[in-house]
$ cat model.txt   # compact mmCIF, C-alpha atoms
# COMPACT_ATOMS: atom_id res chain seq x y z
CA PHE A 18 11.57 81.97 19.09
CA ARG A 19 11.14 84.69 16.53
CA ASP A 20 7.96 85.67 18.33
CA MET A 21 5.05 86.38 16.01
CA ASN A 22 6.68 85.09 12.81
CA PHE A 23 6.21 81.41 13.65
CA PHE A 24 4.89 81.10 17.19
CA ASN A 25 2.78 83.44 19.26
CA TYR A 26 5.29 82.97 22.05
CA TRP A 27 3.74 85.53 24.40
CA GLY A 28 0.14 84.32 24.15
CA ARG A 29 -2.48 86.91 25.05
CA VAL A 30 -0.01 89.26 26.75
CA PRO A 31 0.95 91.65 23.87
CA ARG A 32 -2.67 92.34 22.95
CA GLU A 33 -3.48 93.17 26.57
CA LEU A 34 -0.52 95.53 26.85
CA ILE A 35 -1.47 97.29 23.61
CA ARG A 36 -5.08 97.54 24.82
CA ASN A 37 -3.77 99.35 27.89
CA GLY A 38 -1.75 101.84 25.85
CA ALA A 39 1.68 100.25 25.50
CA THR A 40 3.66 100.15 22.27
CA VAL A 41 5.06 96.64 21.78
CA PHE A 42 7.99 95.46 19.68
CA TYR A 43 9.52 92.00 19.49
CA GLY A 44 13.19 91.11 19.91
CA GLU A 45 13.04 88.67 16.98
CA GLN A 46 16.34 86.99 17.83
CA GLN A 47 16.65 83.25 17.30
CA SER A 48 15.88 80.90 20.15
CA ALA A 49 18.62 78.47 19.13
CA ALA A 50 21.81 80.52 19.22
CA SER A 51 24.52 81.37 21.73
CA VAL A 52 23.93 84.31 24.06
CA GLU A 53 26.63 86.31 22.26
CA ASN A 54 25.10 85.79 18.80
CA SER A 55 21.55 86.44 19.98
CA ALA A 56 22.72 89.61 21.75
CA LYS A 57 24.32 90.93 18.55
CA PHE A 58 21.04 90.54 16.70
CA LEU A 59 19.12 92.07 19.60
CA ALA A 60 21.43 95.10 19.68
CA GLU A 61 20.72 95.77 16.00
CA ARG A 62 17.02 95.31 16.62
CA ILE A 63 17.08 97.91 19.41
CA LYS A 64 18.85 100.42 17.18
CA ASP A 65 16.29 99.78 14.43
CA ILE A 66 13.45 100.51 16.87
CA ILE A 67 15.15 103.71 18.02
CA ASN A 68 15.57 104.86 14.41
CA GLU A 69 12.06 103.83 13.43
CA THR A 70 10.24 105.52 16.30
CA GLY A 71 12.53 108.36 17.30
CA CYS A 72 12.28 107.30 20.92
CA GLU A 73 15.34 107.72 23.08
CA LYS A 74 15.19 104.40 24.92
CA VAL A 75 13.27 101.13 25.15
CA ASN A 76 12.13 99.01 28.08
CA ILE A 77 12.98 95.33 27.66
CA ILE A 78 10.88 92.52 29.10
CA ALA A 79 12.78 89.29 28.52
CA HIS A 80 11.83 85.69 29.24
CA SER A 81 14.24 82.84 29.98
CA LYS A 82 17.41 82.96 27.83
CA GLY A 83 16.23 86.31 26.46
CA GLY A 84 17.27 87.85 29.76
CA LEU A 85 20.86 86.71 29.23
CA ASP A 86 20.80 87.95 25.62
CA SER A 87 19.58 91.33 26.86
CA ARG A 88 22.13 91.65 29.64
CA TYR A 89 24.97 90.92 27.23
CA ALA A 90 23.65 93.44 24.69
CA ILE A 91 23.30 96.11 27.39
CA SER A 92 26.64 95.59 29.14
CA CYS A 93 28.92 94.33 26.37
CA LEU A 94 27.51 95.82 23.16
CA GLY A 95 26.79 99.38 24.30
CA MET A 96 23.01 99.13 24.46
CA ASP A 97 22.91 100.74 27.91
CA LYS A 98 22.62 104.04 26.01
CA TYR A 99 19.32 102.91 24.53
CA VAL A 100 17.74 100.80 27.29
CA ALA A 101 15.87 102.37 30.20
CA SER A 102 15.00 99.14 32.00
CA LEU A 103 15.41 95.38 31.80
CA THR A 104 12.83 93.11 33.36
CA THR A 105 13.78 89.44 33.32
CA ILE A 106 11.20 86.70 33.68
CA SER A 107 12.32 83.18 34.66
CA THR A 108 15.87 83.82 33.42
CA PRO A 109 18.65 81.39 34.45
CA HIS A 110 21.12 84.11 35.48
CA ARG A 111 23.30 81.55 37.25
CA GLY A 112 22.72 78.84 34.71
CA CYS A 113 21.32 75.35 34.93
CA ILE A 114 23.32 72.59 36.61
CA PHE A 115 20.93 70.13 34.99
CA ALA A 116 21.88 71.33 31.49
CA GLU A 117 25.56 71.11 32.32
CA TYR A 118 25.19 67.56 33.63
CA ILE A 119 23.39 66.42 30.49
CA LEU A 120 26.01 67.96 28.20
CA ASN A 121 28.85 66.39 30.18
CA LYS A 122 27.34 62.94 30.59
CA ALA A 123 25.38 62.39 27.39
CA PRO A 124 27.23 60.54 24.60
CA ALA A 125 28.55 62.85 21.88
CA GLY A 126 26.54 60.94 19.31
CA LEU A 127 23.31 61.57 21.20
CA CYS A 128 24.05 65.30 21.54
CA LYS A 129 24.77 65.48 17.83
CA PHE A 130 21.56 63.61 16.99
CA ILE A 131 19.38 65.87 19.14
CA THR A 132 21.10 68.99 17.82
CA GLU A 133 20.58 67.98 14.21
CA LYS A 134 16.92 67.10 14.79
CA TYR A 135 16.20 70.37 16.63
CA ASN A 136 17.98 72.51 14.05
CA ALA A 137 16.24 70.66 11.21
CA ALA A 138 12.85 71.28 12.83
CA LEU A 139 13.51 75.01 13.12
CA ARG A 140 14.72 75.18 9.51
CA LYS A 141 11.24 74.11 8.47
CA PHE A 142 10.01 77.31 10.11
CA GLY A 143 12.56 79.42 8.26
CA GLU A 144 15.46 79.46 10.73
CA LYS A 145 18.65 79.19 8.64
CA ASP A 146 21.36 79.42 11.29
CA SER A 147 19.98 77.54 14.29
CA ASP A 148 22.57 76.44 16.85
CA PHE A 149 20.81 74.33 19.45
CA LEU A 150 24.02 73.12 21.07
CA GLY A 151 25.34 76.68 21.32
CA ALA A 152 22.12 77.80 22.97
CA VAL A 153 22.10 75.00 25.54
CA THR A 154 25.79 75.48 26.31
CA SER A 155 25.07 79.16 27.04
CA LEU A 156 22.61 78.05 29.71
CA THR A 157 25.03 75.92 31.73
CA ALA A 158 26.20 77.07 35.15
CA LYS A 159 29.77 77.38 33.89
CA SER A 160 28.83 79.57 30.91
CA CYS A 161 26.62 81.81 33.03
CA GLU A 162 29.39 82.21 35.60
CA GLU A 163 31.64 83.52 32.82
CA LEU A 164 28.84 85.71 31.46
CA ASN A 165 28.27 87.29 34.87
CA LYS A 166 31.91 88.34 35.01
CA VAL A 167 31.59 90.50 31.89
CA ALA A 168 27.90 91.43 31.73
CA ILE A 169 28.02 93.74 34.74
CA ASP A 170 24.80 95.66 35.40
CA SER A 171 24.89 99.17 33.97
CA PRO A 172 24.16 102.06 36.37
CA ASN A 173 22.15 103.61 33.52
CA VAL A 174 19.60 100.80 33.44
CA PHE A 175 16.89 99.83 35.95
CA TYR A 176 16.92 96.06 36.52
CA SER A 177 14.21 93.85 37.97
CA SER A 178 13.66 90.09 37.95
CA TYR A 179 10.67 87.81 38.47
CA MET A 180 10.41 84.09 39.11
CA SER A 181 7.77 81.46 39.83
CA LYS A 182 7.83 77.75 40.62
CA LEU A 183 5.84 74.59 40.16
CA LYS A 184 4.70 72.83 43.31
CA LYS A 185 4.51 69.42 41.64
CA SER A 186 5.34 67.94 38.26
CA SER A 187 1.69 67.42 37.33
CA GLY A 188 1.11 71.15 37.74
CA GLY A 189 2.81 71.89 34.44
CA LYS A 190 2.14 70.87 30.88
CA PHE A 191 4.70 69.37 28.50
CA PRO A 192 7.66 69.77 28.64
CA THR A 193 7.80 71.21 32.17
CA ASN A 194 5.87 68.28 33.66
CA VAL A 195 8.62 65.97 32.40
CA THR A 196 11.64 68.08 33.35
CA TYR A 197 10.46 69.34 36.75
CA LEU A 198 11.76 66.39 38.81
CA LEU A 199 15.05 66.24 36.89
CA VAL A 200 15.72 69.94 37.42
CA LYS A 201 14.70 69.64 41.07
CA LYS A 202 17.28 66.90 41.61
CA PHE A 203 20.14 69.06 40.33
CA ASP A 204 19.01 72.66 40.84
CA GLY A 205 16.34 72.60 43.55
CA GLU A 206 12.93 74.30 43.49
CA ASN A 207 12.09 75.26 39.93
CA ASP A 208 9.47 76.18 37.35
CA GLY A 209 10.06 73.07 35.27
CA LEU A 210 13.21 74.39 33.58
CA VAL A 211 14.91 77.08 35.69
CA SER A 212 15.66 77.01 39.42
CA VAL A 213 14.32 79.68 41.74
CA ASP A 214 17.81 80.57 42.95
CA SER A 215 19.17 80.95 39.42
CA ALA A 216 16.51 83.51 38.48
CA LYS A 217 17.25 85.96 41.31
CA TRP A 218 18.95 89.03 39.90
CA GLY A 219 19.44 92.48 41.34
CA GLU A 220 17.83 94.24 44.26
CA ASN A 221 14.40 94.35 42.61
CA TYR A 222 13.56 90.64 42.74
CA PHE A 223 10.01 89.34 42.99
CA PHE A 224 8.84 85.78 43.55
CA ILE A 225 5.42 85.04 42.06
CA GLU A 226 3.40 82.35 43.80
CA ASN A 227 -0.24 81.42 44.02
CA LYS A 228 -1.84 79.69 46.98
CA TYR A 229 -3.12 76.72 45.00
CA LYS A 230 -1.38 73.37 44.60
CA ARG A 231 -0.58 73.73 40.92
CA GLY A 232 2.11 76.39 40.98
CA ILE A 233 3.21 78.50 37.98
CA SER A 234 5.47 77.01 35.34
CA HIS A 235 8.16 78.40 33.03
CA VAL A 236 5.75 78.56 30.09
CA ASP A 237 2.84 79.82 32.21
CA MET A 238 4.84 83.01 32.76
CA ILE A 239 4.54 83.87 29.06
CA ASP A 240 1.00 82.54 28.58
CA LEU A 241 2.24 80.02 26.03
CA ASN A 242 -0.74 77.72 26.66
CA ARG A 243 -3.31 80.55 26.91
CA GLU A 244 -4.49 79.04 30.17
CA ASP A 245 -6.47 80.80 32.87
CA ILE A 246 -4.65 79.87 36.06
CA LYS A 247 -6.59 79.94 39.29
CA GLY A 248 -5.19 82.62 41.56
CA PHE A 249 -2.93 84.19 38.93
CA ASP A 250 -3.86 86.50 36.05
CA ILE A 251 -0.92 86.47 33.65
CA ARG A 252 -2.21 89.39 31.58
CA GLU A 253 -2.67 91.65 34.60
CA PHE A 254 0.77 90.60 35.82
CA TYR A 255 2.38 92.21 32.78
CA VAL A 256 0.09 95.22 32.86
CA ASP A 257 1.21 95.83 36.44
CA ILE A 258 4.88 95.56 35.40
CA ILE A 259 4.37 98.25 32.76
CA LYS A 260 2.44 100.44 35.20
CA GLY A 261 5.30 100.18 37.64
CA LEU A 262 7.88 101.15 35.02
CA LYS A 263 5.77 104.09 33.92
CA ALA A 264 5.40 105.26 37.53
CA ARG A 265 9.20 105.30 37.76
CA GLY A 266 9.40 107.53 34.72
CA PHE A 267 10.41 104.88 32.20
$ encode --input "model.txt" --output "structure tokens"
Amino acid sequence: FRDMNFFNYWGRVPRELIRNGATVFYGEQQSAASVENSAKFLAERIKDIINETGCEKVNIIAHSKGGLDSRYAISCLGMDKYVASLTTISTPHRGCIFAEYILNKAPAGLCKFITEKYNAALRKFGEKDSDFLGAVTSLTAKSCEELNKVAIDSPNVFYSSYMSKLKKSSGGKFPTNVTYLLVKKFDGENDGLVSVDSAKWGENYFFIENKYKRGISHVDMIDLNREDIKGFDIREFYVDIIKGLKARGF
């Protein structure tokens, strides 16, 4: 989403980071667009931030598809000159077999219907060029395999990745409670949308798990529901990420 313009996508996280001394900017790229198109917008956004602040580089924290957008911008659009680190959260680096199955098996008419409804809904929030089908296609295993061939990690950027999982479908709220079992059938253990294996990227990979039966869903990792989860403090999780980056000199 376009972050704060229409949805407070990151819940209580930005305020907590600012309270602890961080300076926060939003990517502002569309949610419904191909990785390539989102990355182009993100690259311009990064350059705007550099020009606005006079800083030399930014640290990117990206959730879900945003991690793919960021990797493409860094490796294929020259943003490695302006990015110190990329932290991906619940990103499907190897794609979603579930998404690919749906696109291949669903009738063309149904795909068209869903695409038109989704794009129309986003237009009501001001999105003029939404491309739901392009976004979903970018998340398939085949598309991500092609992306990984060209979006090679830059030696100038520090990469880290984080992932969680649900332990049962009832542990998540809509839509992850609905999709959990479907994704599990095709992709294995998952957070309701992305598989654990797909989110592993780089040598600095961390799996986040609490000891309680609920688990941690795809949307829990961005505090979308503003929910206090037993055994896991989402705000402190991000504060610790920033502390770690700062300790490394970023």
$ closest_atom_pairs --input "model.txt" --of "segment 157-205 of chain A" --to "segment 72-78 of chain A" --cutoff "10 Å" --atoms "only C-alpha atoms" --output "tab-separated table"
residue	atom	partner	partner_atom	distance
A:Val174	CA	A:Asn76	CA	9.4
A:Phe175	CA	A:Asn76	CA	9.2
A:Tyr176	CA	A:Ile77	CA	9.7
A:Ser177	CA	A:Ile78	CA	9.6
A:Ser178	CA	A:Ile78	CA	9.6
$ write_last_selection --input "model.txt" --atoms "C-alpha atoms" --output "PDB file, in the coordinates of the input"
ATOM      1  CA  VAL A 174      19.600 100.800  33.440  1.00  0.00           C
ATOM      2  CA  PHE A 175      16.890  99.830  35.950  1.00  0.00           C
ATOM      3  CA  TYR A 176      16.920  96.060  36.520  1.00  0.00           C
ATOM      4  CA  SER A 177      14.210  93.850  37.970  1.00  0.00           C
ATOM      5  CA  SER A 178      13.660  90.090  37.950  1.00  0.00           C
TER       6      SER A 178
END
$ residues_around --input "model.txt" --residues "Ile169 of chain A" --least-positions-apart "5" --cutoff "12 Å" --atoms "all atoms listed in the file" --output "number ranges by chain"
A: 85, 87-95, 97, 110, 162-164, 174, 176, 218-219
$ atom_distance --input "model.txt" --atom1 "atom CA of Thr105 of chain A" --atom2 "atom CA of Ala79 of chain A"
4.9 Å
$ residues_around --input "model.txt" --residues "Lys134 of chain A" --least-positions-apart "4" --cutoff "12 Å" --atoms "only C-alpha atoms" --output "list in words"
Leu127, Cys128, Lys129, Phe130, Ala138, Leu139, Arg140, Lys141, Ser147, Asp148, Phe149 and Leu150 of chain A
$ atom_distance --input "model.txt" --atom1 "atom CA of Ser171 of chain A" --atom2 "atom CA of Met96 of chain A"
9.7 Å
$ closest_residue --input "model.txt" --among "A:Thr132, A:Ser102, A:Asn54, A:Gln47" --to "Gly266 of chain A" --atoms "all atoms listed in the file"
A:Ser102
$ atom_distance --input "model.txt" --atom1 "atom CA of Ile259 of chain A" --atom2 "atom CA of Ala60 of chain A"
21.7 Å
$ residues_around --input "model.txt" --residues "Thr70 of chain A" --least-positions-apart "6" --cutoff "12 Å" --atoms "only C-alpha atoms" --output "PyMOL selection string"
chain A and resi 40-42+63-64
$ closest_residue --input "model.txt" --among "A:Arg29, A:Ser55, A:Val213, A:Gly83" --to "Arg111 of chain A" --atoms "all atoms listed in the file"
A:Val213
$ decode --input "model.txt" --residues "segment 102-235 of chain A" --atoms "C-alpha atoms" --output "PDB file, in the first residue's frame"
ATOM      1  CA  SER A 102      21.240  -2.207   4.171  1.00  0.00           C
ATOM      2  CA  LEU A 103      18.139  -4.137   3.168  1.00  0.00           C
ATOM      3  CA  THR A 104      16.127  -5.973   5.791  1.00  0.00           C
ATOM      4  CA  THR A 105      13.343  -8.120   4.368  1.00  0.00           C
ATOM      5  CA  ILE A 106      10.401  -9.233   6.472  1.00  0.00           C
ATOM      6  CA  SER A 107       8.260 -12.173   5.299  1.00  0.00           C
ATOM      7  CA  THR A 108       9.355 -11.692   1.678  1.00  0.00           C
ATOM      8  CA  PRO A 109       8.671 -14.507  -0.839  1.00  0.00           C
ATOM      9  CA  HIS A 110      12.177 -14.507  -2.325  1.00  0.00           C
ATOM     10  CA  ARG A 111      11.530 -17.838  -4.034  1.00  0.00           C
ATOM     11  CA  GLY A 112       7.939 -17.076  -4.845  1.00  0.00           C
ATOM     12  CA  CYS A 113       4.681 -18.761  -3.983  1.00  0.00           C
ATOM     13  CA  ILE A 114       3.768 -22.083  -5.596  1.00  0.00           C
ATOM     14  CA  PHE A 115       0.227 -21.472  -4.363  1.00  0.00           C
ATOM     15  CA  ALA A 116      -0.046 -18.233  -6.368  1.00  0.00           C
ATOM     16  CA  GLU A 117       1.307 -19.937  -9.466  1.00  0.00           C
ATOM     17  CA  TYR A 118      -1.181 -22.790  -9.153  1.00  0.00           C
ATOM     18  CA  ILE A 119      -4.116 -20.404  -8.841  1.00  0.00           C
ATOM     19  CA  LEU A 120      -3.039 -18.373 -11.870  1.00  0.00           C
ATOM     20  CA  ASN A 121      -2.557 -21.508 -13.966  1.00  0.00           C
ATOM     21  CA  LYS A 122      -5.740 -23.301 -12.924  1.00  0.00           C
ATOM     22  CA  ALA A 123      -8.253 -20.513 -12.402  1.00  0.00           C
ATOM     23  CA  PRO A 124     -10.465 -19.692 -15.411  1.00  0.00           C
ATOM     24  CA  ALA A 125      -9.348 -16.589 -17.301  1.00  0.00           C
ATOM     25  CA  GLY A 126     -12.738 -15.018 -16.690  1.00  0.00           C
ATOM     26  CA  LEU A 127     -12.379 -15.422 -12.939  1.00  0.00           C
ATOM     27  CA  CYS A 128      -8.880 -13.901 -12.942  1.00  0.00           C
ATOM     28  CA  LYS A 129     -10.172 -10.977 -14.961  1.00  0.00           C
ATOM     29  CA  PHE A 130     -13.127 -10.495 -12.607  1.00  0.00           C
ATOM     30  CA  ILE A 131     -10.953 -10.500  -9.476  1.00  0.00           C
ATOM     31  CA  THR A 132      -8.397  -8.198 -11.098  1.00  0.00           C
ATOM     32  CA  GLU A 133     -11.041  -5.675 -12.112  1.00  0.00           C
ATOM     33  CA  LYS A 134     -12.664  -5.708  -8.668  1.00  0.00           C
ATOM     34  CA  TYR A 135      -9.334  -5.294  -6.852  1.00  0.00           C
ATOM     35  CA  ASN A 136      -8.147  -2.508  -9.138  1.00  0.00           C
ATOM     36  CA  ALA A 137     -11.514  -0.749  -8.869  1.00  0.00           C
ATOM     37  CA  ALA A 138     -11.344  -0.908  -5.062  1.00  0.00           C
ATOM     38  CA  LEU A 139      -7.891   0.677  -5.023  1.00  0.00           C
ATOM     39  CA  ARG A 140      -8.985   3.393  -7.453  1.00  0.00           C
ATOM     40  CA  LYS A 141     -11.449   4.528  -4.808  1.00  0.00           C
ATOM     41  CA  PHE A 142      -8.425   5.202  -2.600  1.00  0.00           C
ATOM     42  CA  GLY A 143      -6.692   7.195  -5.323  1.00  0.00           C
ATOM     43  CA  GLU A 144      -4.625   4.496  -7.053  1.00  0.00           C
ATOM     44  CA  LYS A 145      -4.791   5.256 -10.792  1.00  0.00           C
ATOM     45  CA  ASP A 146      -2.552   2.566 -12.258  1.00  0.00           C
ATOM     46  CA  SER A 147      -3.201  -0.524 -10.140  1.00  0.00           C
ATOM     47  CA  ASP A 148      -2.150  -3.816 -11.719  1.00  0.00           C
ATOM     48  CA  PHE A 149      -3.304  -6.618  -9.441  1.00  0.00           C
ATOM     49  CA  LEU A 150      -2.564  -9.362 -11.956  1.00  0.00           C
ATOM     50  CA  GLY A 151       0.938  -8.005 -12.557  1.00  0.00           C
ATOM     51  CA  ALA A 152       1.597  -7.951  -8.826  1.00  0.00           C
ATOM     52  CA  VAL A 153       0.407 -11.518  -8.255  1.00  0.00           C
ATOM     53  CA  THR A 154       2.323 -12.792 -11.283  1.00  0.00           C
ATOM     54  CA  SER A 155       5.497 -11.262  -9.816  1.00  0.00           C
ATOM     55  CA  LEU A 156       4.996 -13.413  -6.721  1.00  0.00           C
ATOM     56  CA  THR A 157       4.891 -16.770  -8.498  1.00  0.00           C
ATOM     57  CA  ALA A 158       7.763 -19.228  -8.123  1.00  0.00           C
ATOM     58  CA  LYS A 159       8.582 -18.916 -11.826  1.00  0.00           C
ATOM     59  CA  SER A 160       8.772 -15.111 -11.752  1.00  0.00           C
ATOM     60  CA  CYS A 161      10.898 -15.099  -8.611  1.00  0.00           C
ATOM     61  CA  GLU A 162      13.261 -17.649 -10.131  1.00  0.00           C
ATOM     62  CA  GLU A 163      13.817 -15.253 -13.042  1.00  0.00           C
ATOM     63  CA  LEU A 164      14.150 -12.296 -10.666  1.00  0.00           C
ATOM     64  CA  ASN A 165      16.824 -14.091  -8.640  1.00  0.00           C
ATOM     65  CA  LYS A 166      18.916 -14.545 -11.774  1.00  0.00           C
ATOM     66  CA  VAL A 167      19.209 -10.786 -12.330  1.00  0.00           C
ATOM     67  CA  ALA A 168      18.745  -9.252  -8.872  1.00  0.00           C
ATOM     68  CA  ILE A 169      22.067 -10.501  -7.523  1.00  0.00           C
ATOM     69  CA  ASP A 170      22.955  -9.228  -4.052  1.00  0.00           C
ATOM     70  CA  SER A 171      25.271  -6.230  -4.153  1.00  0.00           C
ATOM     71  CA  PRO A 172      28.534  -6.456  -2.169  1.00  0.00           C
ATOM     72  CA  ASN A 173      27.916  -2.826  -1.166  1.00  0.00           C
ATOM     73  CA  VAL A 174      24.724  -3.628   0.732  1.00  0.00           C
ATOM     74  CA  PHE A 175      24.190  -5.513   4.015  1.00  0.00           C
ATOM     75  CA  TYR A 176      21.303  -7.982   3.654  1.00  0.00           C
ATOM     76  CA  SER A 177      19.252  -9.661   6.350  1.00  0.00           C
ATOM     77  CA  SER A 178      15.935 -11.506   6.304  1.00  0.00           C
ATOM     78  CA  TYR A 179      13.314 -12.399   8.907  1.00  0.00           C
ATOM     79  CA  MET A 180      10.415 -14.831   8.838  1.00  0.00           C
ATOM     80  CA  SER A 181       7.718 -16.158  11.144  1.00  0.00           C
ATOM     81  CA  LYS A 182       4.984 -18.779  10.846  1.00  0.00           C
ATOM     82  CA  LEU A 183       1.514 -19.596  12.040  1.00  0.00           C
ATOM     83  CA  LYS A 184       1.102 -22.800  14.002  1.00  0.00           C
ATOM     84  CA  LYS A 185      -2.559 -23.209  13.061  1.00  0.00           C
ATOM     85  CA  SER A 186      -5.059 -21.449  10.823  1.00  0.00           C
ATOM     86  CA  SER A 187      -7.060 -20.073  13.744  1.00  0.00           C
ATOM     87  CA  GLY A 188      -3.943 -18.292  14.970  1.00  0.00           C
ATOM     88  CA  GLY A 189      -4.271 -15.640  12.288  1.00  0.00           C
ATOM     89  CA  LYS A 190      -6.945 -13.125  11.419  1.00  0.00           C
ATOM     90  CA  PHE A 191      -8.461 -12.622   7.974  1.00  0.00           C
ATOM     91  CA  PRO A 192      -7.122 -13.251   5.375  1.00  0.00           C
ATOM     92  CA  THR A 193      -4.290 -15.387   6.771  1.00  0.00           C
ATOM     93  CA  ASN A 194      -6.677 -17.668   8.671  1.00  0.00           C
ATOM     94  CA  VAL A 195      -8.301 -18.547   5.342  1.00  0.00           C
ATOM     95  CA  THR A 196      -5.162 -18.949   3.237  1.00  0.00           C
ATOM     96  CA  TYR A 197      -2.946 -20.745   5.768  1.00  0.00           C
ATOM     97  CA  LEU A 198      -4.072 -24.300   4.916  1.00  0.00           C
ATOM     98  CA  LEU A 199      -4.027 -23.637   1.167  1.00  0.00           C
ATOM     99  CA  VAL A 200      -0.488 -22.269   1.290  1.00  0.00           C
ATOM    100  CA  LYS A 201       0.585 -25.140   3.542  1.00  0.00           C
ATOM    101  CA  LYS A 202      -0.647 -27.666   0.975  1.00  0.00           C
ATOM    102  CA  PHE A 203       1.492 -26.185  -1.802  1.00  0.00           C
ATOM    103  CA  ASP A 204       4.371 -24.411  -0.052  1.00  0.00           C
ATOM    104  CA  GLY A 205       4.695 -25.981   3.391  1.00  0.00           C
ATOM    105  CA  GLU A 206       5.012 -24.196   6.741  1.00  0.00           C
ATOM    106  CA  ASN A 207       3.943 -20.586   6.321  1.00  0.00           C
ATOM    107  CA  ASP A 208       2.722 -17.368   7.891  1.00  0.00           C
ATOM    108  CA  GLY A 209      -0.625 -17.467   6.120  1.00  0.00           C
ATOM    109  CA  LEU A 210       0.713 -16.172   2.799  1.00  0.00           C
ATOM    110  CA  VAL A 211       4.443 -16.882   2.421  1.00  0.00           C
ATOM    111  CA  SER A 212       6.301 -20.120   3.119  1.00  0.00           C
ATOM    112  CA  VAL A 213       9.148 -20.263   5.601  1.00  0.00           C
ATOM    113  CA  ASP A 214      11.544 -21.634   2.983  1.00  0.00           C
ATOM    114  CA  SER A 215      10.704 -18.898   0.477  1.00  0.00           C
ATOM    115  CA  ALA A 216      11.578 -16.126   2.928  1.00  0.00           C
ATOM    116  CA  LYS A 217      15.126 -17.306   3.665  1.00  0.00           C
ATOM    117  CA  TRP A 218      17.597 -14.952   2.027  1.00  0.00           C
ATOM    118  CA  GLY A 219      21.281 -14.402   2.621  1.00  0.00           C
ATOM    119  CA  GLU A 220      23.550 -15.446   5.439  1.00  0.00           C
ATOM    120  CA  ASN A 221      21.820 -13.207   7.984  1.00  0.00           C
ATOM    121  CA  TYR A 222      18.522 -15.072   8.257  1.00  0.00           C
ATOM    122  CA  PHE A 223      16.424 -15.095  11.419  1.00  0.00           C
ATOM    123  CA  PHE A 224      13.337 -17.147  12.185  1.00  0.00           C
ATOM    124  CA  ILE A 225      10.963 -15.488  14.652  1.00  0.00           C
ATOM    125  CA  GLU A 226       8.861 -17.828  16.756  1.00  0.00           C
ATOM    126  CA  ASN A 227       7.033 -17.603  20.040  1.00  0.00           C
ATOM    127  CA  LYS A 228       6.416 -20.522  22.363  1.00  0.00           C
ATOM    128  CA  TYR A 229       2.643 -20.183  22.368  1.00  0.00           C
ATOM    129  CA  LYS A 230       0.211 -22.070  20.131  1.00  0.00           C
ATOM    130  CA  ARG A 231      -0.887 -19.083  18.082  1.00  0.00           C
ATOM    131  CA  GLY A 232       2.206 -18.382  16.025  1.00  0.00           C
ATOM    132  CA  ILE A 233       2.961 -15.100  14.204  1.00  0.00           C
ATOM    133  CA  SER A 234       1.247 -14.303  10.925  1.00  0.00           C
ATOM    134  CA  HIS A 235       2.211 -12.358   7.808  1.00  0.00           C
TER     135      HIS A 235
END
